[in-house]
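Written out below as structure tokens is the structure these notes cover.
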Amino acid sequence: MNTRLLMTLRVTVASPQNIGLVPHGTRRTAPITGGDFEGPRLRGTVLPGGSADWLLVRADGVLEMDLRVTLRTQDGAIISMKSFGLRHGPQDVIAAIGRGETVDPALYYFRTTPRFTTGHSAYTFLNRLVAVATGDRRPEGPIYTIHEVL
Amino acid sequence: MNSRPLMRLRLETAPTEEIGGLSIFPVSGGSFEGERLRGKVLAGGGDWVTTKPDGTFELDLRATLETDDGALIHLTFTGVRDDEHHYLRTLPRFETAAPRYAFLNRLLAVGVGDIRPDGPVHVIEEIL
């Protein structure tokens, strides 16, 4: 698999809404309050409205993440990003993340697969690519290092 | 990003209906092989392919795999097919109840695809 860095995306997350144990697992919604992104071909900020990470802790302990974020580039393009991801690791590591500690991302698996939609002519290349990302769950919010799959 | 080979997946498909920009390709068979698992693709799945205004295709496949030791695996993927740029990339996901293959439930993967005369072939790697 050949990849090329697309951007680093940082988001800030508000306190989660704990919906609780639903038939599929434990449902939690994490609203996104802001953020920014930067890469060789694009940079800008995260628009908080409609941006959140819809989370589900599965019976096998794996966290499924359904992230949707609206991005605005510095030249005014609006980009919708949707990204499905998985997060899992040793119990004590995951617990430390849950307590808001800074944990070495190499100790857990936090991987996502972003897709993009935009109508802005300078960024239509995003519509045609598939991306993969590594997540680093900092206390204030995750940092995603996103690579385009070539 | 680091990856590790998972499987080479060969699908047998045939077009059926064109429904105003949606093309449905039933999966009639196929095979997969890799170091950790191998077997056949069962009939009954399909790829729901949407033609987008820019001429690219959005893929939406579901299929059932059966390993040579009898485990069933539910495979889905979404992806992009852009013929102008010779780009066919998918994001496979797996679900299985077989303990031997439970590792598939916990990984994300990327597929690099190629349309051959007898059907698509996807080289799928695990994202490490």
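Chain labels run A, B, ... following the order of the structure tokens; each chain numbers its residues from 1, and ligands are numbered from 1 in the order shown.
Every residue of chain A that lies within 9 Å of chain B is listed here, counting only C-alpha atoms: A:Met1, A:Asn2, A:Thr3, A:Arg4, A:Val62, A:Gly85, A:Leu86, A:Arg87, A:His88, A:Tyr109, A:Arg111, A:Thr112, A:Thr113, A:Asn127, A:Arg128, A:Leu129, A:Val130, A:Ala131, A:Val132, A:Ala133, A:Thr134, A:His147, A:Val149, A:Leu150.
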Dump N, CA and C atoms for the selected residues as a PDB file, in the first residue's frame?
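Listing of result.pdb after writing:
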```
ATOM      1  N   MET A   1       0.867  -1.190   0.000  1.00  0.00           N
ATOM      2  CA  MET A   1       0.000   0.000   0.000  1.00  0.00           C
ATOM      3  C   MET A   1       0.897   1.232   0.000  1.00  0.00           C
ATOM      4  N   ASN A   2       0.731   2.079  -0.977  1.00  0.00           N
ATOM      5  CA  ASN A   2       1.507   3.321  -1.040  1.00  0.00           C
ATOM      6  C   ASN A   2       0.626   4.481  -0.602  1.00  0.00           C
ATOM      7  N   THR A   3       1.183   5.317   0.236  1.00  0.00           N
ATOM      8  CA  THR A   3       0.400   6.438   0.746  1.00  0.00           C
ATOM      9  C   THR A   3       1.213   7.724   0.690  1.00  0.00           C
ATOM     10  N   ARG A   4       0.503   8.835   0.816  1.00  0.00           N
ATOM     11  CA  ARG A   4       1.145  10.147   0.820  1.00  0.00           C
ATOM     12  C   ARG A   4       0.408  10.992   1.841  1.00  0.00           C
ATOM     13  N   VAL A  62     -14.127  -3.603  21.278  1.00  0.00           N
ATOM     14  CA  VAL A  62     -13.620  -2.694  20.255  1.00  0.00           C
ATOM     15  C   VAL A  62     -14.548  -1.475  20.146  1.00  0.00           C
ATOM     16  N   GLY A  85     -13.855   4.286  11.884  1.00  0.00           N
ATOM     17  CA  GLY A  85     -12.615   3.832  12.504  1.00  0.00           C
ATOM     18  C   GLY A  85     -12.834   2.808  13.591  1.00  0.00           C
ATOM     19  N   LEU A  86     -11.734   2.178  13.977  1.00  0.00           N
ATOM     20  CA  LEU A  86     -11.729   1.224  15.076  1.00  0.00           C
ATOM     21  C   LEU A  86     -10.660   1.642  16.076  1.00  0.00           C
ATOM     22  N   ARG A  87     -10.966   1.426  17.362  1.00  0.00           N
ATOM     23  CA  ARG A  87      -9.971   1.677  18.396  1.00  0.00           C
ATOM     24  C   ARG A  87     -10.021   0.537  19.403  1.00  0.00           C
ATOM     25  N   HIS A  88      -8.874  -0.002  19.734  1.00  0.00           N
ATOM     26  CA  HIS A  88      -8.811  -1.035  20.765  1.00  0.00           C
ATOM     27  C   HIS A  88      -7.402  -1.114  21.297  1.00  0.00           C
ATOM     28  N   TYR A 109      -4.492   0.581  19.081  1.00  0.00           N
ATOM     29  CA  TYR A 109      -4.831   0.617  17.651  1.00  0.00           C
ATOM     30  C   TYR A 109      -5.963   1.621  17.478  1.00  0.00           C
ATOM     31  N   ARG A 111      -7.290   3.492  14.198  1.00  0.00           N
ATOM     32  CA  ARG A 111      -7.128   3.665  12.756  1.00  0.00           C
ATOM     33  C   ARG A 111      -8.477   4.003  12.150  1.00  0.00           C
ATOM     34  N   THR A 112      -8.445   4.936  11.196  1.00  0.00           N
ATOM     35  CA  THR A 112      -9.696   5.339  10.552  1.00  0.00           C
ATOM     36  C   THR A 112      -9.515   5.427   9.043  1.00  0.00           C
ATOM     37  N   THR A 113     -10.643   5.518   8.342  1.00  0.00           N
ATOM     38  CA  THR A 113     -10.622   5.503   6.870  1.00  0.00           C
ATOM     39  C   THR A 113     -11.465   6.650   6.339  1.00  0.00           C
ATOM     40  N   ASN A 127     -12.589  14.094  -3.725  1.00  0.00           N
ATOM     41  CA  ASN A 127     -13.768  13.256  -3.957  1.00  0.00           C
ATOM     42  C   ASN A 127     -13.382  11.895  -4.504  1.00  0.00           C
ATOM     43  N   ARG A 128     -12.218  11.820  -5.123  1.00  0.00           N
ATOM     44  CA  ARG A 128     -11.845  10.625  -5.872  1.00  0.00           C
ATOM     45  C   ARG A 128     -10.810   9.769  -5.153  1.00  0.00           C
ATOM     46  N   LEU A 129     -10.539  10.061  -3.901  1.00  0.00           N
ATOM     47  CA  LEU A 129      -9.513   9.285  -3.231  1.00  0.00           C
ATOM     48  C   LEU A 129     -10.034   8.608  -1.970  1.00  0.00           C
ATOM     49  N   VAL A 130      -9.274   7.635  -1.555  1.00  0.00           N
ATOM     50  CA  VAL A 130      -9.541   6.907  -0.331  1.00  0.00           C
ATOM     51  C   VAL A 130      -8.362   7.211   0.594  1.00  0.00           C
ATOM     52  N   ALA A 131      -8.620   7.356   1.869  1.00  0.00           N
ATOM     53  CA  ALA A 131      -7.552   7.727   2.797  1.00  0.00           C
ATOM     54  C   ALA A 131      -7.554   6.812   4.011  1.00  0.00           C
ATOM     55  N   VAL A 132      -6.421   6.770   4.689  1.00  0.00           N
ATOM     56  CA  VAL A 132      -6.300   6.026   5.941  1.00  0.00           C
ATOM     57  C   VAL A 132      -5.645   6.950   6.967  1.00  0.00           C
ATOM     58  N   ALA A 133      -5.986   6.772   8.226  1.00  0.00           N
ATOM     59  CA  ALA A 133      -5.443   7.662   9.249  1.00  0.00           C
ATOM     60  C   ALA A 133      -5.082   6.904  10.516  1.00  0.00           C
ATOM     61  N   THR A 134      -4.067   7.422  11.184  1.00  0.00           N
ATOM     62  CA  THR A 134      -3.711   6.967  12.530  1.00  0.00           C
ATOM     63  C   THR A 134      -4.185   8.025  13.514  1.00  0.00           C
ATOM     64  N   HIS A 147      -3.444   9.977   5.579  1.00  0.00           N
ATOM     65  CA  HIS A 147      -2.685   9.707   4.357  1.00  0.00           C
ATOM     66  C   HIS A 147      -3.616   9.346   3.219  1.00  0.00           C
ATOM     67  N   VAL A 149      -4.400   7.227   0.036  1.00  0.00           N
ATOM     68  CA  VAL A 149      -3.956   5.957  -0.531  1.00  0.00           C
ATOM     69  C   VAL A 149      -3.713   6.175  -2.018  1.00  0.00           C
ATOM     70  N   LEU A 150      -2.485   5.947  -2.437  1.00  0.00           N
ATOM     71  CA  LEU A 150      -2.138   6.169  -3.844  1.00  0.00           C
ATOM     72  C   LEU A 150      -2.551   4.976  -4.699  1.00  0.00           C
TER      73      LEU A 150
END
```
Next on the checklist: For the structure I just gave you, how does DSSP split range 15-111 of chain A - specifically, which residues are alpha helix (DSSP H)? Reply as a list in words.
Outcome noted: Gln91, Asp92, Val93, Ile94, Ala95, Ala96, Ile97 and Gly98 of chain A
Next on the checklist: List the spatial neighbours of range 40-48 of chain A as a list of chain:residue names - criterion: any atom at most 9 Å away, only C-alpha atoms, same-chain residues fewer than 4 positions off excluded.
Outcome noted: A:Leu5, A:Leu6, A:Met7, A:Leu9, A:Arg10, A:Val11, A:Pro31, A:Ile32, A:Thr33, A:Gly34, A:Gly35, A:Asp36, A:Ala52, A:Val69, A:Thr70, A:Leu71, A:Arg72, A:Thr73, A:Gln74, A:Asp75, A:Gly76, A:Tyr123
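For the residues A:Gly61, A:Pro114, A:Gly25, A:Pro16, ranking by smallest atom-to-atom distance to Ile94 in chain A using only C-alpha atoms places A:Gly61 first.
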Item to check | Within 9 Å of Gly39 in chain B using only C-alpha atoms, minus same-chain residues under 4 positions, as a PyMOL selection string | outcome: chain B and resi 30-33+65-70
Selected residues written out, N, CA and C atoms, as a PDB file, in the first residue's frame:
```
ATOM      1  N   GLY B  30     -16.058 -16.698  -6.707  1.00  0.00           N
ATOM      2  CA  GLY B  30     -14.723 -16.119  -6.616  1.00  0.00           C
ATOM      3  C   GLY B  30     -13.885 -16.884  -5.621  1.00  0.00           C
ATOM      4  N   SER B  31     -12.716 -16.315  -5.328  1.00  0.00           N
ATOM      5  CA  SER B  31     -11.816 -16.989  -4.392  1.00  0.00           C
ATOM      6  C   SER B  31     -10.943 -15.945  -3.710  1.00  0.00           C
ATOM      7  N   PHE B  32     -10.307 -16.351  -2.594  1.00  0.00           N
ATOM      8  CA  PHE B  32      -9.389 -15.452  -1.910  1.00  0.00           C
ATOM      9  C   PHE B  32      -8.252 -16.284  -1.354  1.00  0.00           C
ATOM     10  N   GLU B  33      -7.085 -15.673  -1.320  1.00  0.00           N
ATOM     11  CA  GLU B  33      -5.962 -16.384  -0.710  1.00  0.00           C
ATOM     12  C   GLU B  33      -4.977 -15.414  -0.087  1.00  0.00           C
ATOM     13  N   LEU B  65     -17.581 -14.876   2.479  1.00  0.00           N
ATOM     14  CA  LEU B  65     -16.412 -15.706   2.182  1.00  0.00           C
ATOM     15  C   LEU B  65     -16.504 -16.979   3.005  1.00  0.00           C
ATOM     16  N   GLU B  66     -16.028 -18.077   2.434  1.00  0.00           N
ATOM     17  CA  GLU B  66     -15.949 -19.320   3.197  1.00  0.00           C
ATOM     18  C   GLU B  66     -14.513 -19.816   3.149  1.00  0.00           C
ATOM     19  N   THR B  67     -13.891 -19.922   4.306  1.00  0.00           N
ATOM     20  CA  THR B  67     -12.494 -20.375   4.343  1.00  0.00           C
ATOM     21  C   THR B  67     -12.428 -21.873   4.059  1.00  0.00           C
ATOM     22  N   ASP B  68     -11.217 -22.323   3.730  1.00  0.00           N
ATOM     23  CA  ASP B  68     -11.060 -23.740   3.417  1.00  0.00           C
ATOM     24  C   ASP B  68     -11.289 -24.634   4.624  1.00  0.00           C
ATOM     25  N   ASP B  69     -11.317 -24.034   5.828  1.00  0.00           N
ATOM     26  CA  ASP B  69     -11.666 -24.829   7.016  1.00  0.00           C
ATOM     27  C   ASP B  69     -13.081 -24.523   7.496  1.00  0.00           C
ATOM     28  N   GLY B  70     -13.903 -24.007   6.607  1.00  0.00           N
ATOM     29  CA  GLY B  70     -15.340 -23.943   6.866  1.00  0.00           C
ATOM     30  C   GLY B  70     -15.865 -22.727   7.609  1.00  0.00           C
TER      31      GLY B  70
END
```
Checklist outcome for this item: Of B:Glu17, B:Asp47, B:Lys52, B:Thr96, the one sitting nearest Ala71 in chain B when using only C-alpha atoms is B:Thr96
Checklist entry - Distance CA of Lys82 in chain A-CA of Leu67 in chain A, one decimal place? => result 5.7 Å
Checklist entry - So which residues touch Met65 in chain A within 7 Å, counting only C-alpha atoms, skipping near sequence neighbours fewer than 5 positions away, as a list in words? => result Asp53, Trp54, Leu55, Leu56, Phe84, Gly85 and Leu86 of chain A
Next on the checklist: If we count only C-alpha atoms and set the cut-off at 10 Å, which residues sit around range 20-24 of chain A, ignoring sequence neighbours fewer than 2 positions away in its own chain? Please answer as a ChimeraX atom specification.
Outcome noted: /A:17-18,26-28,56-59
Item to check | Nearest candidate to Leu75 in chain B (options B:Trp48, B:Phe94, B:Phe25, B:Tyr101; using only C-alpha atoms) | outcome: B:Phe94
Next on the checklist: Residues within 9 Å of Gly34 in chain B, please, as a ChimeraX atom specification. Count only C-alpha atoms; anything in the same chain fewer than 3 positions from it doesn't count.
Outcome noted: /B:5-9,37-38
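Residue nearest Glu101 in chain A within the list A:Ile78, A:Arg138, A:Asp60, A:Gly50: A:Arg138 [criterion: smallest interatomic distance, only C-alpha atoms].
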Step one, run DSSP on the backbone; step two, keep only residues of range 22-136 of chain A assigned to strand (DSSP E or B); then write them as a JSON list (two decimals) with N, CA and C atoms, in the first residue's frame.
```json
[["chain", "number", "residue", "atom", "x", "y", "z"],
["A", 22, "VAL", "N", -27.33, 0.14, 24.35],
["A", 22, "VAL", "CA", -28.38, -0.09, 23.35],
["A", 22, "VAL", "C", -28.16, -1.49, 22.79],
["A", 25, "GLY", "N", -24.66, -2.25, 21.47],
["A", 25, "GLY", "CA", -23.47, -2.04, 22.27],
["A", 25, "GLY", "C", -23.66, -0.79, 23.09],
["A", 26, "THR", "N", -22.57, -0.21, 23.60],
["A", 26, "THR", "CA", -22.69, 1.01, 24.39],
["A", 26, "THR", "C", -22.50, 2.21, 23.48],
["A", 27, "ARG", "N", -23.51, 3.02, 23.37],
["A", 27, "ARG", "CA", -23.55, 4.16, 22.44],
["A", 27, "ARG", "C", -23.14, 5.42, 23.16],
["A", 28, "ARG", "N", -22.28, 6.20, 22.52],
["A", 28, "ARG", "CA", -21.78, 7.44, 23.09],
["A", 28, "ARG", "C", -21.60, 8.41, 21.93],
["A", 29, "THR", "N", -21.99, 9.65, 22.09],
["A", 29, "THR", "CA", -21.80, 10.64, 21.03],
["A", 29, "THR", "C", -20.90, 11.75, 21.55],
["A", 30, "ALA", "N", -19.85, 12.07, 20.81],
["A", 30, "ALA", "CA", -18.87, 13.08, 21.22],
["A", 30, "ALA", "C", -18.96, 14.28, 20.28],
["A", 31, "PRO", "N", -19.63, 15.35, 20.69],
["A", 31, "PRO", "CA", -19.72, 16.53, 19.81],
["A", 31, "PRO", "C", -18.36, 17.18, 19.64],
["A", 32, "ILE", "N", -18.11, 17.69, 18.47],
["A", 32, "ILE", "CA", -16.83, 18.34, 18.17],
["A", 32, "ILE", "C", -17.04, 19.84, 18.21],
["A", 33, "THR", "N", -16.19, 20.51, 18.96],
["A", 33, "THR", "CA", -16.36, 21.95, 19.19],
["A", 33, "THR", "C", -15.47, 22.80, 18.31],
["A", 34, "GLY", "N", -14.52, 22.18, 17.65],
["A", 34, "GLY", "CA", -13.64, 22.97, 16.78],
["A", 34, "GLY", "C", -12.42, 22.16, 16.40],
["A", 35, "GLY", "N", -11.48, 22.84, 15.77],
["A", 35, "GLY", "CA", -10.25, 22.16, 15.39],
["A", 35, "GLY", "C", -9.64, 22.81, 14.17],
["A", 36, "ASP", "N", -8.56, 22.17, 13.69],
["A", 36, "ASP", "CA", -7.89, 22.69, 12.50],
["A", 36, "ASP", "C", -7.22, 21.55, 11.77],
["A", 37, "PHE", "N", -6.85, 21.81, 10.53],
["A", 37, "PHE", "CA", -6.16, 20.79, 9.73],
["A", 37, "PHE", "C", -5.11, 21.47, 8.88],
["A", 38, "GLU", "N", -4.07, 20.71, 8.57],
["A", 38, "GLU", "CA", -2.97, 21.28, 7.80],
["A", 38, "GLU", "C", -2.26, 20.17, 7.03],
["A", 43, "ARG", "N", -5.32, 23.47, 4.00],
["A", 43, "ARG", "CA", -5.31, 23.79, 5.43],
["A", 43, "ARG", "C", -6.52, 24.63, 5.75],
["A", 44, "GLY", "N", -6.93, 24.56, 7.02],
["A", 44, "GLY", "CA", -8.09, 25.35, 7.43],
["A", 44, "GLY", "C", -8.57, 24.95, 8.80],
["A", 45, "THR", "N", -9.87, 25.17, 9.02],
["A", 45, "THR", "CA", -10.44, 24.94, 10.34],
["A", 45, "THR", "C", -11.62, 23.99, 10.28],
["A", 46, "VAL", "N", -11.98, 23.49, 11.45],
["A", 46, "VAL", "CA", -13.13, 22.59, 11.59],
["A", 46, "VAL", "C", -14.34, 23.42, 11.97],
["A", 47, "LEU", "N", -15.45, 23.22, 11.28],
["A", 47, "LEU", "CA", -16.70, 23.89, 11.64],
["A", 47, "LEU", "C", -17.46, 23.02, 12.62],
["A", 48, "PRO", "N", -17.82, 23.55, 13.77],
["A", 48, "PRO", "CA", -18.41, 22.70, 14.81],
["A", 48, "PRO", "C", -19.82, 22.19, 14.53],
["A", 49, "GLY", "N", -20.60, 22.90, 13.75],
["A", 49, "GLY", "CA", -21.97, 22.46, 13.56],
["A", 49, "GLY", "C", -22.05, 21.16, 12.78],
["A", 50, "GLY", "N", -22.74, 20.17, 13.33],
["A", 50, "GLY", "CA", -22.88, 18.90, 12.63],
["A", 50, "GLY", "C", -21.62, 18.07, 12.63],
["A", 51, "SER", "N", -20.62, 18.45, 13.41],
["A", 51, "SER", "CA", -19.39, 17.67, 13.49],
["A", 51, "SER", "C", -19.40, 16.92, 14.82],
["A", 52, "ALA", "N", -19.23, 15.62, 14.74],
["A", 52, "ALA", "CA", -19.21, 14.81, 15.95],
["A", 52, "ALA", "C", -18.65, 13.44, 15.62],
["A", 53, "ASP", "N", -18.34, 12.71, 16.67],
["A", 53, "ASP", "CA", -17.90, 11.32, 16.53],
["A", 53, "ASP", "C", -18.95, 10.46, 17.21],
["A", 54, "TRP", "N", -19.61, 9.63, 16.40],
["A", 54, "TRP", "CA", -20.66, 8.76, 16.92],
["A", 54, "TRP", "C", -20.01, 7.42, 17.23],
["A", 55, "LEU", "N", -20.00, 7.06, 18.52],
["A", 55, "LEU", "CA", -19.19, 5.95, 19.02],
["A", 55, "LEU", "C", -20.05, 4.80, 19.49],
["A", 56, "LEU", "N", -19.50, 3.60, 19.37],
["A", 56, "LEU", "CA", -20.18, 2.41, 19.85],
["A", 56, "LEU", "C", -19.13, 1.46, 20.40],
["A", 57, "VAL", "N", -19.25, 1.10, 21.67],
["A", 57, "VAL", "CA", -18.36, 0.08, 22.23],
["A", 57, "VAL", "C", -19.02, -1.27, 22.03],
["A", 63, "LEU", "N", -13.96, -0.30, 20.03],
["A", 63, "LEU", "CA", -14.73, 0.92, 19.84],
["A", 63, "LEU", "C", -14.86, 1.19, 18.34],
["A", 64, "GLU", "N", -16.10, 1.30, 17.87],
["A", 64, "GLU", "CA", -16.34, 1.72, 16.49],
["A", 64, "GLU", "C", -16.61, 3.22, 16.51],
["A", 65, "MET", "N", -15.95, 3.91, 15.59],
["A", 65, "MET", "CA", -16.08, 5.37, 15.54],
["A", 65, "MET", "C", -16.61, 5.78, 14.18],
["A", 66, "ASP", "N", -17.66, 6.57, 14.20],
["A", 66, "ASP", "CA", -18.27, 7.08, 12.97],
["A", 66, "ASP", "C", -18.16, 8.60, 13.05],
["A", 67, "LEU", "N", -17.08, 9.10, 12.49],
["A", 67, "LEU", "CA", -16.75, 10.53, 12.61],
["A", 67, "LEU", "C", -17.28, 11.28, 11.41],
["A", 68, "ARG", "N", -17.93, 12.36, 11.64],
["A", 68, "ARG", "CA", -18.32, 13.28, 10.56],
["A", 68, "ARG", "C", -17.89, 14.68, 10.95],
["A", 69, "VAL", "N", -17.13, 15.32, 10.07],
["A", 69, "VAL", "CA", -16.59, 16.65, 10.36],
["A", 69, "VAL", "C", -16.77, 17.51, 9.12],
["A", 70, "THR", "N", -17.12, 18.77, 9.34],
["A", 70, "THR", "CA", -17.14, 19.73, 8.23],
["A", 70, "THR", "C", -15.89, 20.58, 8.34],
["A", 71, "LEU", "N", -15.15, 20.67, 7.23],
["A", 71, "LEU", "CA", -13.90, 21.42, 7.18],
["A", 71, "LEU", "C", -14.07, 22.65, 6.30],
["A", 72, "ARG", "N", -13.40, 23.72, 6.64],
["A", 72, "ARG", "CA", -13.37, 24.90, 5.77],
["A", 72, "ARG", "C", -11.92, 25.28, 5.53],
["A", 73, "THR", "N", -11.52, 25.28, 4.27],
["A", 73, "THR", "CA", -10.14, 25.62, 3.94],
["A", 73, "THR", "C", -9.94, 27.12, 4.05],
["A", 78, "ILE", "N", -15.72, 24.38, 1.42],
["A", 78, "ILE", "CA", -16.35, 23.55, 2.46],
["A", 78, "ILE", "C", -16.21, 22.09, 2.05],
["A", 79, "ILE", "N", -15.69, 21.28, 2.94],
["A", 79, "ILE", "CA", -15.44, 19.86, 2.68],
["A", 79, "ILE", "C", -16.09, 19.05, 3.78],
["A", 80, "SER", "N", -16.86, 18.04, 3.39],
["A", 80, "SER", "CA", -17.42, 17.13, 4.37],
["A", 80, "SER", "C", -16.53, 15.89, 4.44],
["A", 81, "MET", "N", -16.13, 15.55, 5.64],
["A", 81, "MET", "CA", -15.32, 14.34, 5.84],
["A", 81, "MET", "C", -16.13, 13.36, 6.68],
["A", 82, "LYS", "N", -16.18, 12.10, 6.20],
["A", 82, "LYS", "CA", -16.80, 11.02, 6.97],
["A", 82, "LYS", "C", -15.74, 9.94, 7.12],
["A", 83, "SER", "N", -15.62, 9.41, 8.32],
["A", 83, "SER", "CA", -14.52, 8.48, 8.55],
["A", 83, "SER", "C", -14.93, 7.40, 9.54],
["A", 84, "PHE", "N", -14.91, 6.16, 9.09],
["A", 84, "PHE", "CA", -15.18, 5.05, 10.00],
["A", 84, "PHE", "C", -13.86, 4.58, 10.59],
["A", 85, "GLY", "N", -13.86, 4.29, 11.88],
["A", 85, "GLY", "CA", -12.62, 3.83, 12.50],
["A", 85, "GLY", "C", -12.83, 2.81, 13.59],
["A", 86, "LEU", "N", -11.73, 2.18, 13.98],
["A", 86, "LEU", "CA", -11.73, 1.22, 15.08],
["A", 86, "LEU", "C", -10.66, 1.64, 16.08],
["A", 87, "ARG", "N", -10.97, 1.43, 17.36],
["A", 87, "ARG", "CA", -9.97, 1.68, 18.40],
["A", 87, "ARG", "C", -10.02, 0.54, 19.40],
["A", 88, "HIS", "N", -8.87, 0.00, 19.73],
["A", 88, "HIS", "CA", -8.81, -1.03, 20.76],
["A", 88, "HIS", "C", -7.40, -1.11, 21.30],
["A", 109, "TYR", "N", -4.49, 0.58, 19.08],
["A", 109, "TYR", "CA", -4.83, 0.62, 17.65],
["A", 109, "TYR", "C", -5.96, 1.62, 17.48],
["A", 110, "PHE", "N", -5.66, 2.68, 16.76],
["A", 110, "PHE", "CA", -6.66, 3.73, 16.51],
["A", 110, "PHE", "C", -6.46, 4.08, 15.05],
["A", 111, "ARG", "N", -7.29, 3.49, 14.20],
["A", 111, "ARG", "CA", -7.13, 3.66, 12.76],
["A", 111, "ARG", "C", -8.48, 4.00, 12.15],
["A", 112, "THR", "N", -8.45, 4.94, 11.20],
["A", 112, "THR", "CA", -9.70, 5.34, 10.55],
["A", 112, "THR", "C", -9.52, 5.43, 9.04],
["A", 113, "THR", "N", -10.64, 5.52, 8.34],
["A", 113, "THR", "CA", -10.62, 5.50, 6.87],
["A", 113, "THR", "C", -11.47, 6.65, 6.34],
["A", 114, "PRO", "N", -10.88, 7.85, 6.27],
["A", 114, "PRO", "CA", -11.64, 9.03, 5.83],
["A", 114, "PRO", "C", -12.01, 9.02, 4.35],
["A", 115, "ARG", "N", -13.18, 9.60, 4.09],
["A", 115, "ARG", "CA", -13.63, 9.91, 2.73],
["A", 115, "ARG", "C", -14.07, 11.36, 2.73],
["A", 116, "PHE", "N", -14.01, 11.99, 1.55],
["A", 116, "PHE", "CA", -14.28, 13.42, 1.46],
["A", 116, "PHE", "C", -15.28, 13.73, 0.36],
["A", 117, "THR", "N", -16.03, 14.79, 0.59],
["A", 117, "THR", "CA", -16.94, 15.31, -0.44],
["A", 117, "THR", "C", -16.82, 16.82, -0.47],
["A", 118, "THR", "N", -16.60, 17.37, -1.66],
["A", 118, "THR", "CA", -16.59, 18.82, -1.80],
["A", 118, "THR", "C", -17.02, 19.21, -3.19],
["A", 131, "ALA", "N", -8.62, 7.36, 1.87],
["A", 131, "ALA", "CA", -7.55, 7.73, 2.80],
["A", 131, "ALA", "C", -7.55, 6.81, 4.01],
["A", 132, "VAL", "N", -6.42, 6.77, 4.69],
["A", 132, "VAL", "CA", -6.30, 6.03, 5.94],
["A", 132, "VAL", "C", -5.65, 6.95, 6.97],
["A", 133, "ALA", "N", -5.99, 6.77, 8.23],
["A", 133, "ALA", "CA", -5.44, 7.66, 9.25],
["A", 133, "ALA", "C", -5.08, 6.90, 10.52],
["A", 134, "THR", "N", -4.07, 7.42, 11.18],
["A", 134, "THR", "CA", -3.71, 6.97, 12.53],
["A", 134, "THR", "C", -4.18, 8.02, 13.51],
["A", 135, "GLY", "N", -4.81, 7.58, 14.59],
["A", 135, "GLY", "CA", -5.31, 8.53, 15.59],
["A", 135, "GLY", "C", -4.45, 8.52, 16.84],
["A", 136, "ASP", "N", -4.38, 9.68, 17.46],
["A", 136, "ASP", "CA", -3.64, 9.85, 18.71],
["A", 136, "ASP", "C", -4.62, 10.56, 19.63]]
```
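For the pair CA of Gly55 in chain B and CA of Asp83 in chain B, the separation is 8.6 Å.
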